[in-house]
Structures are given as C-alpha cells and as structure tokens.
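Engineer: Got a structure for you, data.csv, holding CSV, C-alpha atoms and all ligand atoms.
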```
chain,number,residue,atom,x,y,z
V,1,MET,CA,-5.7,-7.1,25.4
V,2,ARG,CA,-3.4,-9.0,23.1
V,3,ALA,CA,-1.2,-7.3,20.5
V,4,LEU,CA,1.8,-7.9,18.3
V,5,THR,CA,4.3,-5.3,19.5
V,6,ILE,CA,7.9,-4.0,19.6
V,7,SER,CA,9.5,-2.3,22.6
V,8,SER,CA,12.7,-1.4,20.8
V,9,HIS,CA,13.9,-1.1,17.2
V,10,GLY,CA,16.1,-3.8,15.6
V,11,GLU,CA,15.6,-7.0,13.7
V,12,LEU,CA,12.5,-9.1,13.6
V,13,ASP,CA,13.3,-10.9,16.9
V,14,ARG,CA,12.2,-7.7,18.6
V,15,ILE,CA,8.6,-8.6,17.7
V,16,GLU,CA,6.6,-10.1,20.6
V,17,VAL,CA,3.0,-11.0,21.4
V,18,ARG,CA,1.8,-9.2,24.6
V,19,ASP,CA,-1.4,-9.8,26.4
V,20,ASP,CA,-1.2,-7.0,29.0
V,21,LEU,CA,-2.1,-3.9,26.9
V,22,PRO,CA,-5.0,-1.8,28.1
V,23,VAL,CA,-8.1,-1.7,25.9
V,24,PRO,CA,-8.1,1.8,24.4
V,25,GLU,CA,-10.9,4.1,25.3
V,26,VAL,CA,-13.0,6.3,23.0
V,27,LYS,CA,-12.1,9.9,24.2
V,28,ARG,CA,-13.3,12.0,21.3
V,29,ALA,CA,-16.9,12.1,20.1
V,30,GLY,CA,-15.9,11.5,16.5
V,31,ASP,CA,-13.9,8.3,17.2
V,32,VAL,CA,-14.9,4.6,17.1
V,33,ARG,CA,-13.5,1.6,18.9
V,34,LEU,CA,-13.0,-1.5,16.6
V,35,ARG,CA,-12.5,-5.1,17.5
V,36,VAL,CA,-9.9,-6.1,14.9
V,37,ARG,CA,-10.5,-9.3,13.0
V,38,ALA,CA,-7.4,-9.4,10.9
V,39,ALA,CA,-4.5,-7.1,9.8
V,40,ALA,CA,-2.3,-7.3,6.7
V,41,LEU,CA,1.4,-6.5,6.6
V,42,ASN,CA,3.0,-3.8,4.4
V,43,HIS,CA,6.6,-3.0,3.7
V,44,LEU,CA,6.1,0.0,6.0
V,45,ASP,CA,5.8,-2.5,9.0
V,46,LEU,CA,9.3,-3.7,8.4
V,47,PHE,CA,10.6,-0.1,8.4
V,48,VAL,CA,8.8,0.5,11.7
V,49,VAL,CA,10.4,-2.5,13.3
V,50,ARG,CA,13.9,-1.4,12.1
V,51,GLY,CA,13.3,2.2,13.0
V,52,LEU,CA,12.4,5.3,10.9
V,53,PRO,CA,14.2,8.6,11.2
V,54,GLY,CA,12.2,11.2,13.1
V,55,VAL,CA,9.7,8.6,14.5
V,56,THR,CA,9.9,7.8,18.2
V,57,LEU,CA,7.9,4.9,19.6
V,58,THR,CA,7.1,4.1,23.2
V,59,GLY,CA,6.8,0.4,23.8
V,60,PRO,CA,5.0,-1.8,23.9
V,61,TRP,CA,4.0,-0.5,20.5
V,62,PRO,CA,1.4,-2.4,18.5
V,63,LEU,CA,2.5,-2.9,14.8
V,64,GLY,CA,0.3,-2.9,11.7
V,65,SER,CA,-1.5,-0.4,9.4
V,66,ASP,CA,-4.2,-2.4,7.6
V,67,ALA,CA,-7.2,-3.9,9.2
V,68,CYS,CA,-10.7,-5.2,8.9
V,69,ALA,CA,-12.7,-5.1,12.1
V,70,ILE,CA,-16.1,-5.1,13.8
V,71,VAL,CA,-17.3,-1.8,15.3
V,72,ASP,CA,-17.4,-2.2,19.0
V,73,PHE,CA,-18.3,1.3,20.3
V,74,VAL,CA,-19.1,4.6,18.6
V,75,GLY,CA,-18.5,8.1,20.0
V,76,ASN,CA,-21.5,10.5,20.5
V,77,GLU,CA,-21.1,12.4,17.2
V,78,VAL,CA,-20.5,9.4,14.9
V,79,VAL,CA,-23.2,8.9,12.3
V,80,GLY,CA,-23.6,6.0,9.8
V,81,LEU,CA,-21.8,3.4,11.9
V,82,ALA,CA,-23.1,1.1,14.6
V,83,ALA,CA,-21.8,-1.6,16.9
V,84,GLY,CA,-21.5,-4.9,14.9
V,85,ASP,CA,-20.8,-3.3,11.5
V,86,PHE,CA,-18.0,-5.0,9.5
V,87,VAL,CA,-15.5,-2.3,8.4
V,88,VAL,CA,-12.2,-1.6,6.7
V,89,VAL,CA,-9.8,1.1,8.0
V,90,ASN,CA,-7.9,3.8,6.1
V,91,PRO,CA,-4.7,4.0,8.1
V,92,GLY,CA,-3.9,7.6,7.1
V,93,LEU,CA,-4.9,10.2,9.7
V,94,SER,CA,-4.8,13.9,9.2
V,95,ASP,CA,-5.8,17.0,11.2
V,96,ARG,CA,-8.8,17.8,8.9
V,97,THR,CA,-8.3,21.6,9.4
V,98,CYS,CA,-5.3,22.6,7.3
V,99,GLU,CA,-5.5,24.0,3.8
V,100,TYR,CA,-4.7,20.7,2.2
V,101,CYS,CA,-7.3,18.8,4.2
V,102,ARG,CA,-9.9,21.5,3.4
V,103,ASP,CA,-9.0,20.9,-0.2
V,104,GLY,CA,-9.7,17.2,0.2
V,105,GLU,CA,-6.0,16.3,-0.1
V,106,GLN,CA,-5.5,14.7,3.4
V,107,PRO,CA,-2.2,12.8,2.5
V,108,LEU,CA,-0.5,16.3,2.1
V,109,CYS,CA,-1.5,17.3,5.6
V,110,PRO,CA,1.6,18.5,7.6
V,111,ARG,CA,0.3,16.5,10.5
V,112,PHE,CA,-0.5,13.4,8.4
V,113,GLY,CA,0.2,10.2,10.3
V,114,ILE,CA,-0.2,6.5,9.7
V,115,LEU,CA,-1.5,3.8,12.0
V,116,GLY,CA,1.4,1.6,13.2
V,117,GLU,CA,4.0,4.3,12.3
V,118,HIS,CA,2.9,7.5,14.0
V,119,LEU,CA,-0.1,6.1,16.0
V,120,PRO,CA,-0.5,2.7,17.7
V,121,GLY,CA,-1.1,0.0,15.0
V,122,THR,CA,-3.8,-2.4,14.0
V,123,LEU,CA,-2.2,-5.7,15.2
V,124,ALA,CA,-4.2,-5.5,18.5
V,125,GLU,CA,-7.5,-6.8,19.7
V,126,TYR,CA,-8.9,-3.2,19.9
V,127,ILE,CA,-8.0,0.0,18.2
V,128,VAL,CA,-9.6,3.5,18.4
V,129,VAL,CA,-9.7,5.6,15.2
V,130,PRO,CA,-11.6,8.5,13.8
V,131,ALA,CA,-14.9,7.4,12.3
V,132,VAL,CA,-14.0,9.2,9.1
V,133,ASN,CA,-11.3,6.6,8.6
V,134,VAL,CA,-13.7,3.7,8.6
V,135,ARG,CA,-16.1,2.4,5.9
V,136,LYS,CA,-18.7,-0.3,6.3
V,137,VAL,CA,-18.3,-3.2,3.8
V,138,PRO,CA,-20.5,-6.3,3.1
V,139,SER,CA,-20.0,-9.0,5.8
V,140,ASN,CA,-19.5,-11.7,3.1
V,141,ILE,CA,-16.1,-10.4,2.0
V,142,PRO,CA,-13.5,-12.8,3.4
V,143,ILE,CA,-11.6,-11.3,6.3
V,144,ALA,CA,-8.1,-11.9,4.8
V,145,GLU,CA,-9.0,-10.0,1.6
V,146,ALA,CA,-10.8,-7.2,3.6
V,147,ALA,CA,-7.8,-6.9,5.9
V,148,ALA,CA,-5.3,-6.7,3.0
V,149,PHE,CA,-7.3,-4.4,0.8
V,150,THR,CA,-7.0,-0.8,1.9
V,151,LEU,CA,-3.4,0.4,2.1
V,152,ALA,CA,-2.2,-1.3,-1.1
V,153,THR,CA,-5.3,-0.6,-3.2
V,154,LEU,CA,-5.6,3.0,-2.0
V,155,THR,CA,-2.0,3.7,-2.7
V,156,ALA,CA,-2.1,2.0,-6.1
V,157,TRP,CA,-5.4,3.8,-7.0
V,158,ARG,CA,-3.9,7.2,-6.3
V,159,MET,CA,-0.8,6.4,-8.4
V,160,VAL,CA,-2.7,4.8,-11.4
V,161,VAL,CA,-5.9,6.8,-11.5
V,162,THR,CA,-5.3,10.2,-9.9
V,163,ARG,CA,-1.6,10.8,-10.6
V,164,ALA,CA,-0.7,8.9,-13.8
V,165,ARG,CA,-4.2,9.1,-15.2
V,166,VAL,CA,-3.8,5.7,-16.9
V,167,ARG,CA,-6.0,5.3,-20.0
V,168,PRO,CA,-6.9,2.2,-22.1
V,169,SER,CA,-4.3,3.2,-24.7
V,170,ASP,CA,-1.4,3.2,-22.1
V,171,ASP,CA,1.5,0.8,-21.8
V,172,VAL,CA,2.3,0.5,-18.1
V,173,LEU,CA,5.5,-0.9,-16.6
V,174,ILE,CA,5.1,-2.3,-13.1
V,175,TRP,CA,8.2,-3.3,-11.1
V,176,GLY,CA,8.2,-5.9,-8.4
V,177,ILE,CA,5.1,-7.8,-9.3
V,178,GLY,CA,4.1,-9.9,-6.2
V,179,GLY,CA,4.1,-6.9,-3.8
V,180,GLY,CA,0.8,-5.6,-2.6
V,181,VAL,CA,0.9,-2.2,-4.3
V,182,ALA,CA,2.3,-3.6,-7.6
V,183,LEU,CA,-0.5,-6.3,-7.8
V,184,ALA,CA,-3.2,-3.7,-7.0
V,185,ALA,CA,-1.8,-1.4,-9.7
V,186,LEU,CA,-1.9,-4.4,-12.1
V,187,GLN,CA,-5.5,-5.1,-11.3
V,188,ILE,CA,-6.5,-1.4,-11.6
V,189,CYS,CA,-4.7,-1.0,-14.9
V,190,LYS,CA,-6.3,-4.1,-16.3
V,191,GLN,CA,-9.7,-2.9,-15.2
V,192,ILE,CA,-9.0,0.3,-17.1
V,193,GLY,CA,-7.9,-1.7,-20.1
V,194,ALA,CA,-4.3,-0.6,-20.3
V,195,ARG,CA,-1.5,-2.9,-21.4
V,196,VAL,CA,0.7,-4.1,-18.5
V,197,TRP,CA,4.4,-5.0,-18.6
V,198,ALA,CA,5.2,-6.9,-15.3
V,199,VAL,CA,8.7,-7.2,-13.9
V,200,SER,CA,9.9,-9.7,-11.4
V,201,SER,CA,13.0,-11.8,-10.6
V,202,SER,CA,10.8,-14.9,-10.4
V,203,ASP,CA,9.2,-16.8,-13.3
V,204,ASP,CA,6.6,-18.2,-10.9
V,205,LYS,CA,5.5,-14.7,-9.9
V,206,LEU,CA,5.4,-13.6,-13.6
V,207,GLU,CA,3.2,-16.6,-14.5
V,208,ARG,CA,0.8,-15.8,-11.7
V,209,ALA,CA,0.8,-12.1,-12.8
V,210,ALA,CA,-0.1,-13.3,-16.3
V,211,GLY,CA,-3.0,-15.1,-14.6
V,212,LEU,CA,-4.2,-11.7,-13.4
V,213,GLY,CA,-3.9,-10.2,-16.8
V,214,ALA,CA,-0.3,-9.0,-17.2
V,215,ASP,CA,0.4,-8.8,-21.0
V,216,GLU,CA,4.2,-8.7,-21.1
V,217,LEU,CA,6.5,-10.5,-18.7
V,218,LEU,CA,10.1,-9.5,-18.0
V,219,ASN,CA,12.4,-11.5,-15.7
V,220,ARG,CA,14.9,-8.9,-14.6
V,221,THR,CA,17.5,-11.5,-13.8
V,222,ARG,CA,17.7,-12.5,-17.5
V,223,VAL,CA,16.9,-9.3,-19.4
V,224,ASP,CA,17.8,-5.6,-19.2
V,225,VAL,CA,14.3,-4.3,-18.6
V,226,GLY,CA,14.8,-0.9,-20.2
V,227,LYS,CA,16.5,-2.3,-23.3
V,228,ALA,CA,14.0,-5.1,-23.7
V,229,ILE,CA,11.1,-2.7,-23.6
V,230,ARG,CA,12.7,-0.4,-26.1
V,231,GLU,CA,13.3,-3.4,-28.4
V,232,ARG,CA,9.8,-4.8,-28.1
V,233,THR,CA,8.2,-1.4,-28.7
V,234,ALA,CA,10.2,-0.3,-31.7
V,235,LYS,CA,12.0,2.2,-29.4
V,236,ARG,CA,8.8,3.9,-28.4
V,237,GLY,CA,8.9,2.8,-24.8
V,238,VAL,CA,6.1,2.6,-22.3
V,239,THR,CA,3.8,5.6,-21.5
V,240,VAL,CA,3.6,5.0,-17.7
V,241,VAL,CA,6.0,3.5,-15.1
V,242,ILE,CA,4.9,2.5,-11.6
V,243,ASP,CA,8.0,2.3,-9.5
V,244,ASN,CA,8.3,1.8,-5.7
V,245,VAL,CA,11.8,0.4,-5.8
V,246,GLY,CA,13.8,3.6,-6.3
V,247,GLN,CA,17.5,3.5,-6.6
V,248,ALA,CA,17.9,0.0,-8.2
V,249,THR,CA,15.3,0.6,-10.9
V,250,TRP,CA,15.4,4.3,-11.7
V,251,ALA,CA,17.8,4.1,-14.6
V,252,SER,CA,15.9,1.3,-16.3
V,253,SER,CA,12.6,3.0,-15.6
V,254,LEU,CA,13.8,6.1,-17.5
V,255,LEU,CA,15.3,4.0,-20.3
V,256,ALA,CA,11.9,2.3,-20.7
V,257,LEU,CA,9.9,5.6,-20.5
V,258,GLY,CA,8.7,6.9,-23.9
V,259,ARG,CA,8.1,10.5,-25.0
V,260,ARG,CA,5.5,12.3,-22.9
V,261,GLY,CA,5.8,9.4,-20.3
V,262,ARG,CA,4.7,9.6,-16.7
V,263,LEU,CA,6.7,7.9,-14.0
V,264,VAL,CA,4.9,7.7,-10.6
V,265,THR,CA,6.7,6.6,-7.5
V,266,CYS,CA,5.4,5.8,-4.0
V,267,GLY,CA,8.5,4.3,-2.4
V,268,ALA,CA,12.2,3.6,-2.4
V,269,THR,CA,12.7,0.1,-1.0
V,270,SER,CA,16.2,-0.2,-2.6
V,271,GLY,CA,17.4,3.3,-1.6
V,272,PRO,CA,16.4,6.9,-2.0
V,273,LEU,CA,19.0,8.7,-4.2
V,274,VAL,CA,18.6,8.5,-8.0
V,275,GLU,CA,20.2,10.2,-11.0
V,276,THR,CA,18.2,11.8,-13.8
V,277,ASP,CA,19.6,13.4,-16.9
V,278,VAL,CA,17.6,16.7,-17.1
V,279,ARG,CA,18.1,16.9,-20.8
V,280,ARG,CA,16.2,13.7,-21.3
V,281,LEU,CA,13.5,14.9,-18.9
V,282,PHE,CA,12.7,18.1,-20.8
V,283,TRP,CA,13.3,16.7,-24.3
V,284,ASN,CA,11.0,13.8,-23.8
V,285,GLN,CA,8.6,16.0,-21.8
V,286,TRP,CA,8.3,13.5,-19.0
V,287,SER,CA,6.3,13.9,-15.8
V,288,ILE,CA,7.9,12.5,-12.7
V,289,LEU,CA,5.1,12.1,-10.1
V,290,GLY,CA,5.2,11.4,-6.4
V,291,SER,CA,2.3,9.7,-4.7
V,292,THR,CA,1.5,8.5,-1.2
V,293,MET,CA,-1.5,6.9,0.4
V,294,GLY,CA,-4.9,8.3,-0.7
V,295,ASN,CA,-7.5,11.0,0.1
V,296,ASP,CA,-11.1,10.6,1.3
V,297,ALA,CA,-12.5,10.6,-2.2
V,298,GLU,CA,-10.0,7.9,-3.3
V,299,PHE,CA,-10.8,5.8,-0.2
V,300,ASP,CA,-14.5,6.0,-1.1
V,301,ALA,CA,-13.7,5.0,-4.7
V,302,VAL,CA,-11.7,1.9,-3.7
V,303,VAL,CA,-14.2,0.9,-1.1
V,304,ALA,CA,-16.9,1.0,-3.8
V,305,GLU,CA,-14.8,-1.4,-5.8
V,306,LEU,CA,-14.5,-3.7,-2.7
V,307,ARG,CA,-18.2,-3.6,-2.1
V,308,ALA,CA,-18.7,-4.6,-5.7
V,309,GLY,CA,-16.3,-7.5,-5.2
V,310,ARG,CA,-13.7,-6.1,-7.5
V,311,LEU,CA,-9.9,-5.6,-6.9
V,312,LEU,CA,-9.8,-8.2,-4.2
V,313,PRO,CA,-6.1,-8.5,-3.3
V,314,PRO,CA,-4.3,-11.8,-3.9
V,315,ILE,CA,-3.5,-13.4,-0.5
V,316,ASP,CA,-0.1,-15.1,0.0
V,317,SER,CA,-0.5,-16.5,3.4
V,318,VAL,CA,-2.4,-16.1,6.7
V,319,TYR,CA,-0.9,-16.5,10.2
V,320,PRO,CA,-2.4,-16.4,13.7
V,321,LEU,CA,-1.3,-13.6,15.9
V,322,ALA,CA,0.8,-16.0,18.0
V,323,ASP,CA,2.9,-16.6,14.9
V,324,GLY,CA,3.1,-12.9,14.0
V,325,ARG,CA,6.9,-12.9,13.8
V,326,ALA,CA,6.8,-15.7,11.1
V,327,ALA,CA,4.4,-13.5,9.1
V,328,PHE,CA,7.0,-10.6,9.2
V,329,GLU,CA,9.7,-13.1,8.2
V,330,ARG,CA,7.7,-14.1,5.2
V,331,LEU,CA,7.3,-10.5,4.2
V,332,ALA,CA,11.0,-9.8,4.7
V,333,SER,CA,11.9,-12.8,2.5
V,334,GLY,CA,10.5,-11.2,-0.6
V,335,GLN,CA,9.1,-14.7,-1.6
V,336,GLN,CA,5.5,-13.7,-1.2
V,337,PHE,CA,3.0,-13.2,-4.0
V,338,GLY,CA,0.2,-11.1,-2.6
V,339,LYS,CA,-0.5,-10.0,0.9
V,340,VAL,CA,0.6,-11.6,4.2
V,341,VAL,CA,-2.2,-11.5,6.7
V,342,ILE,CA,-2.4,-12.0,10.5
V,343,THR,CA,-5.7,-12.9,12.1
V,344,VAL,CA,-6.2,-11.2,15.4
V,345,ASP,CA,-9.4,-12.6,16.9
V,346,ASP,CA,-8.8,-16.3,16.6
V,347,VAL,CA,-8.0,-16.9,20.3
V,401,ZN,ZN,-4.4,18.8,7.4
```
Would you mind giving the structure from this file in structure tokens?

Structural biologist:
Amino acid sequence: MRALTISSHGELDRIEVRDDLPVPEVKRAGDVRLRVRAAALNHLDLFVVRGLPGVTLTGPWPLGSDACAIVDFVGNEVVGLAAGDFVVVNPGLSDRTCEYCRDGEQPLCPRFGILGEHLPGTLAEYIVVPAVNVRKVPSNIPIAEAAAFTLATLTAWRMVVTRARVRPSDDVLIWGIGGGVALAALQICKQIGARVWAVSSSDDKLERAAGLGADELLNRTRVDVGKAIRERTAKRGVTVVIDNVGQATWASSLLALGRRGRLVTCGATSGPLVETDVRRLFWNQWSILGSTMGNDAEFDAVVAELRAGRLLPPIDSVYPLADGRAAFERLASGQQFGKVVITVDDV
C-alpha cells in the first residue's frame, strides 16, 4: 500500500511516498481496519520528522495523526461499526486498564501513545486501530474538514471546556491564531459566548479571525501584547490565556492574566523553559493548567459537535499524497490559516 513515510530523522527532505508497505492486518478482536480518505497535519508531525527524545521509529514509518476513513474490516468483538461506515479517528491510544484509564482519563495513561508518534501514522492507505478510537460521522461532512477535525478540536475542547472551564463572562487570550488548536479554541470560546482576544503576527490572519468571531485583535509585531491588554482592560487583564507557544509568550501571558486567572498550555513550540514569579502566582491566585489531547467523554462531546455541523475546522490547503512533502513545507512555513490536509485515496 501507499504511505507518506520517513526512514530516518532530519529535515523535510526525508519525507517520501512509498508504495511497498504491507496492508496491516486486524489481529485483535477489538480492532478495526480503516481505508483512509484524508489525513490532516499537526505540529506534532513536524516534531516526528525531526525526531523526539525517547521515541524510536523503525522505517518506513507512516506519518500523520489525524484521519477520516471508511471502515474496511472489523474484529470479532467490535460492535456499532460496520464496513462502509465513514468515521473519524481519535489518535490517542491508551492501555484501558490503568487507574487513570479506569477513571476515564485516558490521556494520563502511563502507556498513552499517539498515532504517527508512538504507533504507525494515518498517512497510509490502510490503518488498524482500536474500535474505541473510532466514531461514525455523517457521510455528507466534507473529507478535508472531517480529516482535520479531531486532534485540534479535541485538544482545544479539553483546554477550554474541561481545564479552563471558560464561561460567557470570560475574556480569553489566544496566541498564534491561524494554528489548528488556536482556531478550534476560538470557535469553542465563541460558541460559549466568551470574549476572545486573538494574537498573530499577521494582519491578514487577524482579519480572518475576526470573521470567525474574535473580538479584539493584537498584532504582536506592533504591540506588546501583555501591556496592550492591561491598557485596554483598565489593568484588569484577561481571565483565561490559551498558550501553546511556551517560552516566547510566557511573560506576556502572565502580564495579561488578571486576578484569579487561568492559564492553560498544551505545547511549547518556541521552547520549554519559562520563568514565573511565584509571588505574582499566589498573590493573583492564578491557576496554571496543563492539558494534552482528550479523553473518551471529550471525544464523544466533540464528535457530537461535528455531527451537528458545528466547529468545522477552517481548511488552509489540500494536497494529494504524492505532494505530501509540500504539505509539510506549508505547515513548517507558519503561513497557514487553518488546517493543511493530505488526501490519501485519490490515486
Ligand atoms: Zn491506562
């Protein structure tokens, strides 16, 4: 079968289309084989190509975490799914037996793994995954949006709804508008009715964010974000910060964060080490919250939104598998507004 793969870590020129991979077999009764229609890229895919500490891949390794697909074959114990169903895939896999899994908190599982990072990825004609990671969705949802939906929306949902518990009265600062998680967070916050402060280095992206409901627009190349927010809020600051940039934004995030504020982070694309003045942390009674991926209940919650036609992700561009490397280059450029998608079944 065809797949977009790497066989060694390095720059994006390591990415290659292969057509000689074996079709994976269903070996466990609870697994399903899916024929992938399209897969969307996430920042994680760039990290996988460049190499992550503690993760060893054996090539040729299919890339990709997100996917929409057609069910091809179901194991003996699978219920509620049949060949021909159109589905989306939750790329987070857990052992389902540890104390966290039994508590319904699969992303905390010590054996948690992500398709494309710890297990072969979704940029392949066929993948085998546990049926519990698959949900049927209406066949009229466009494949690019279905492919791009899960990882970003699930991650943003856990951050906004479960961790930060955003309410209509909240002011929410979202960094890096244009990225998948940031845009999903914007859409979820607007659905809740909160006020959103969007940050980007691009006026074009800010204008498009306004089109999605962003209330306040901040171009970080022209204003000091933390100071600007304090000025515009009579020094009160925002009540919630959604940050996946890390090192480069941390100081501004904390300057912008008001009393009793919650800062939730799911990533550190600019670097992992940050500085926090503990006195400001306790005096302002802040909550600093970590978040990653989502649990089964959150997967069900976001799939319900997708089935209802809500929270469809903005799509930046769609590439055929043969041009998969160009899709990665688009993501690495940082120019995109919305998700970069690769169609897998168009050959
Ligand atoms: Zn577990």

Engineer: So, counting all atoms listed in the file, which residue among V:Phe337, V:Ser65, V:Ala131, V:Arg259 is closest to Arg280 of chain V?

Structural biologist: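 When distances to Arg280 of chain V are compared using all atoms listed in the file, the smallest one comes from V:Arg259.
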
Engineer: Kindly work out which residues sit at most 7 Å from ligand ZN 401 (chain V), using only C-alpha atoms and all ligand atoms, and give the list as a PyMOL selection string.

Structural biologist: chain V and resi 94-101+106+109-112

Engineer: Could you save the residues just selected, with C-alpha atoms, as a JSON list (two decimals), in the coordinates of the input?

Structural biologist:
```json
[["chain", "number", "residue", "atom", "x", "y", "z"],
["V", 94, "SER", "CA", -4.80, 13.90, 9.20],
["V", 95, "ASP", "CA", -5.80, 17.00, 11.20],
["V", 96, "ARG", "CA", -8.80, 17.80, 8.90],
["V", 97, "THR", "CA", -8.30, 21.60, 9.40],
["V", 98, "CYS", "CA", -5.30, 22.60, 7.30],
["V", 99, "GLU", "CA", -5.50, 24.00, 3.80],
["V", 100, "TYR", "CA", -4.70, 20.70, 2.20],
["V", 101, "CYS", "CA", -7.30, 18.80, 4.20],
["V", 106, "GLN", "CA", -5.50, 14.70, 3.40],
["V", 109, "CYS", "CA", -1.50, 17.30, 5.60],
["V", 110, "PRO", "CA", 1.60, 18.50, 7.60],
["V", 111, "ARG", "CA", 0.30, 16.50, 10.50],
["V", 112, "PHE", "CA", -0.50, 13.40, 8.40]]
```

Engineer: For a test of reading the model, state the distance in Å between atom CA of Thr269 of chain V and atom CA of Leu57 of chain V, rounded to one decimal.

Structural biologist: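 Computing it gives 21.7 Å between the two atoms.
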
Engineer: Set the distance at 6 Å and use all atoms listed in the file: which residues neighbour segment 37-46 of chain V once local chain neighbours fewer than 4 positions away are removed? I'd like the list as a PyMOL selection string.

Structural biologist: chain V and resi 66-69+147-148+340-345

Engineer: Residues near Thr221 of chain V, anyone? I mean within 12 Å using all atoms listed in the file, not counting same-chain ones fewer than 4 positions away, as a list in words.

Structural biologist: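 Non-adjacent residues within range: Val199, Ser200, Ser201, Ser202, Asp203 and Val225 of chain V.
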
Engineer: Near Ala322 of chain V, counting all atoms listed in the file, which residues have an atom at most 10 Å away, once you skip same-chain residues fewer than 4 positions from it, shown as number ranges by chain?

Structural biologist: V: 2-4, 16-18, 326-327, 342-344, 346-347

Engineer: Pick out the closest residue to Leu306 of chain V from this set: V:Ala184, V:Ala124, V:Ala146, V:Val32. Count all atoms listed in the file.

Structural biologist: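 The closest residue to Leu306 of chain V is V:Ala146.
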
Engineer: Within 12 Å of (8.5, 13.1, -21.9) (coordinates as in the file), grab all the protein and nucleic acid residues, counting all atoms listed in the file, and write them out as a list in words.

Structural biologist: Arg236, Gly237, Val238, Thr239, Val240, Leu254, Leu255, Ala256, Leu257, Gly258, Arg259, Arg260, Gly261, Arg262, Leu263, Val278, Arg279, Arg280, Leu281, Phe282, Trp283, Asn284, Gln285, Trp286, Ser287 and Ile288 of chain V

Engineer: Residues near Val129 of chain V, anyone? I mean within 12 Å using all atoms listed in the file, not counting same-chain ones fewer than 5 positions away, as number ranges by chain.

Structural biologist: V: 24-36, 65, 67, 69, 71-75, 78, 87-94, 113-116, 119-122, 134-135

Engineer: Kindly give the distance, in Å, that separates atom CA of Pro314 of chain V and atom CA of Gly338 of chain V, rounded to a single decimal.

Structural biologist: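 These atoms are spaced 4.7 Å apart.
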
Engineer: Which residue gives the smallest distance to Ile188 of chain V among V:Ser139, V:Thr162, V:Thr58, V:Ser333, with all atoms listed in the file counted?

Structural biologist: V:Thr162

Engineer: Interatomic distance between atom CA of Ile229 of chain V and atom CA of Leu183 of chain V?

Structural biologist: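 A separation of 19.9 Å between them.
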
Engineer: Taking into account all atoms listed in the file, which residue in the set V:Pro60, V:Gly294, V:Gly10, V:Gly226 is nearest to Thr155 of chain V?

Structural biologist: V:Gly294

Engineer: In terms of the shortest atom-to-atom distance over all atoms listed in the file, which of V:Leu331, V:Thr153, V:Gly64, V:Ala210 is closest to Ala301 of chain V?

Structural biologist: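 Going through V:Leu331, V:Thr153, V:Gly64, V:Ala210 one by one, the smallest distance to Ala301 of chain V is for V:Thr153.
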
Engineer: For Gly271 of chain V, find every residue with an atom within 10 Å (counting only C-alpha atoms), except residues of its own chain fewer than 6 positions away, and show them as a ChimeraX atom specification.

Structural biologist: /V:245-249

Engineer: For Val160 of chain V, which residue among V:Ser317, V:Asn219, V:Ser291, V:Ser253 is the nearest when counting all atoms listed in the file?

Structural biologist: V:Ser291

Engineer: Within 10 Å of (0.5, -8.8, -17.5), all atoms listed in the file: residues as a list in words?

Structural biologist: Val172, Leu173, Ile174, Ile177, Leu186, Gln187, Cys189, Lys190, Ala194, Arg195, Val196, Trp197, Ala198, Val199, Leu206, Glu207, Arg208, Ala209, Ala210, Gly211, Leu212, Gly213, Ala214, Asp215, Glu216, Leu217 and Leu218 of chain V
